[in-house]
Amino acid sequence: MAELLRNPDKLVKAKNELDEMIGKGNHLAESDIPQLPYLRAILKETFRLHPALPLLLPRKAGADVEINGFTVPKGARVLLNLWAIGRDPAIWDDPTSFVPERFLGSDVDAKGNYFELVTFGAGRRICPGMPLALRMLHMMLGSLIHWFDWKLSDGVEPEKLDMEEKFGIALQKAKPLLAIPTPI
């Protein structure tokens with residue numbers, strides 16, 4: 001939500017998509033999600049730029065492996081830094097900007113099939129809550145956008161919204177977002 005309030009044009013685009021696809025006054029249903037590519041792109045871009053877990057759970061190398069000229073010895077603990085992958089200019093154009101459009105028309109998903117976006121992990125150790133999380137996040141964000149007009153608290157300009165992050169096991173905003181919803 002912070003990125004949408006910081007980029008009001010993206011919020012308007014999402015609201016317009018919801019109004020057009022499900023209609024004003026109609027409730028968002030899970031069956032509507034496949035017809036909302038911009039909403040899905042917003043979530044993918046949020047996963048990329050602000051992963052809930054900046055580091056995936058550690059894994060242990062089962063054999064000596066060479067990756068890009070580096071040797072990972074058998075038995076080494078390996079951590080995947082999602083935060084760094086999401087901001088890597090070798091992977092992403094304009095990596096620090098919130099650009100949901102980069103996922104429109106793209107096959108990249110957050111289900112562990114693409115190294116660029118492994119929000120929930122991959123393989124045998126993928127997060128078992130991923131299907132529920134994906135459904136709920138689309139439903140919650142879509143409903144919040146569809147049923148409310150949003151603005152920042154008085155005196156806060158979108159381009160000056162503090163997006164500093166506090167690192168720990170989970171990634172969160174350093175300062176809580178103060179947003180004002182107005183029912184439609």
# chains A, B, ... in the order shown; residues from 1 in each chain; ligands from 1

$ select_by_dssp --residues "stretch 29-150 of chain A" --states "strand (DSSP E or B)" --output "list in words"
Leu55, Arg59, Lys60, Val65, Glu66, Ile67, Phe70, Thr71, Val72, Arg77, Val78, Asn81, Phe148, Asp149 and Trp150 of chain A

$ residues_around --residues "stretch 80-82 of chain A" --least-positions-apart "4" --cutoff "7 Å" --atoms "only C-alpha atoms" --output "list in words"
Pro51, Pro54, Leu55, Leu56 and Gly86 of chain A

$ write_last_selection --atoms "C-alpha atoms" --output "PDB file, in the first residue's frame"
ATOM      1  CA  PRO A  51      10.157  -9.375   0.203  1.00  0.00           C
ATOM      2  CA  PRO A  54      14.864 -10.768   2.891  1.00  0.00           C
ATOM      3  CA  LEU A  55      16.786 -14.040   3.313  1.00  0.00           C
ATOM      4  CA  LEU A  56      15.264 -17.436   2.590  1.00  0.00           C
ATOM      5  CA  GLY A  86      15.077  -7.931  -6.271  1.00  0.00           C
TER       6      GLY A  86
END

$ residues_around --residues "A:Glu3" --least-positions-apart "2" --cutoff "10 Å" --atoms "only C-alpha atoms" --output "list in words"
Met1, Leu5, Arg6, Asn7, Pro8, Lys10, Leu11, Ile42, Glu45, Thr46, Leu49, His50, Ser97, Phe98, Val99, Pro158, Leu161 and Met163 of chain A

$ write_last_selection --atoms "C-alpha atoms" --output "PDB file, in the first residue's frame"
ATOM      1  CA  MET A   1       0.000   0.000   0.000  1.00  0.00           C
ATOM      2  CA  LEU A   5       0.417   5.840  -2.111  1.00  0.00           C
ATOM      3  CA  ARG A   6       3.923   6.886  -3.110  1.00  0.00           C
ATOM      4  CA  ASN A   7       2.958   6.319  -6.774  1.00  0.00           C
ATOM      5  CA  PRO A   8      -0.648   7.586  -7.014  1.00  0.00           C
ATOM      6  CA  LYS A  10      -0.344   3.245 -10.091  1.00  0.00           C
ATOM      7  CA  LEU A  11      -3.141   3.330  -7.502  1.00  0.00           C
ATOM      8  CA  ILE A  42       1.408  -4.924  -8.289  1.00  0.00           C
ATOM      9  CA  GLU A  45       6.444  -6.000  -7.938  1.00  0.00           C
ATOM     10  CA  THR A  46       5.884  -5.699  -4.188  1.00  0.00           C
ATOM     11  CA  LEU A  49      11.033  -4.843  -4.055  1.00  0.00           C
ATOM     12  CA  HIS A  50       9.898  -5.630  -0.493  1.00  0.00           C
ATOM     13  CA  SER A  97      11.665   1.895  -8.757  1.00  0.00           C
ATOM     14  CA  PHE A  98       8.164   0.516  -8.241  1.00  0.00           C
ATOM     15  CA  VAL A  99       7.137  -0.494 -11.779  1.00  0.00           C
ATOM     16  CA  PRO A 158       3.807  11.093  -2.081  1.00  0.00           C
ATOM     17  CA  LEU A 161       6.971   9.258   1.810  1.00  0.00           C
ATOM     18  CA  MET A 163      10.231   4.110   2.550  1.00  0.00           C
TER      19      MET A 163
END

$ select_by_dssp --residues "stretch 45-116 of chain A" --states "helix (DSSP H, G or I)" --output "PyMOL selection string"
chain A and resi 45-49+82-86+100-103

$ closest_residue --among "A:Lys13, A:Leu137, A:Gly75, A:Arg48" --to "A:Ala61" --atoms "only C-alpha atoms"
A:Gly75

$ closest_residue --among "A:Leu53, A:Ala63, A:Ile145, A:Pro58" --to "A:Ala170" --atoms "only C-alpha atoms"
A:Leu53

$ residues_around --residues "A:Lys173" --least-positions-apart "6" --cutoff "9 Å" --atoms "only C-alpha atoms" --output "PyMOL selection string"
chain A and resi 162-167

$ write_last_selection --atoms "N, CA and C atoms" --output "PDB file, in the first residue's frame"
ATOM      1  N   ASP A 162       8.437   8.299   3.483  1.00  0.00           N
ATOM      2  CA  ASP A 162       9.608   7.576   3.986  1.00  0.00           C
ATOM      3  C   ASP A 162       9.430   6.081   3.728  1.00  0.00           C
ATOM      4  N   MET A 163      10.301   5.532   2.895  1.00  0.00           N
ATOM      5  CA  MET A 163      10.231   4.110   2.550  1.00  0.00           C
ATOM      6  C   MET A 163      11.372   3.321   3.183  1.00  0.00           C
ATOM      7  N   GLU A 164      12.032   3.903   4.175  1.00  0.00           N
ATOM      8  CA  GLU A 164      13.141   3.207   4.835  1.00  0.00           C
ATOM      9  C   GLU A 164      12.642   1.889   5.424  1.00  0.00           C
ATOM     10  N   GLU A 165      13.489   0.868   5.288  1.00  0.00           N
ATOM     11  CA  GLU A 165      13.117  -0.458   5.761  1.00  0.00           C
ATOM     12  C   GLU A 165      13.915  -0.839   6.996  1.00  0.00           C
ATOM     13  N   LYS A 166      13.280  -1.640   7.843  1.00  0.00           N
ATOM     14  CA  LYS A 166      13.918  -2.157   9.054  1.00  0.00           C
ATOM     15  C   LYS A 166      14.154  -3.645   8.821  1.00  0.00           C
ATOM     16  N   PHE A 167      15.426  -4.014   8.836  1.00  0.00           N
ATOM     17  CA  PHE A 167      15.784  -5.400   8.545  1.00  0.00           C
ATOM     18  C   PHE A 167      15.796  -6.235   9.811  1.00  0.00           C
TER      19      PHE A 167
END
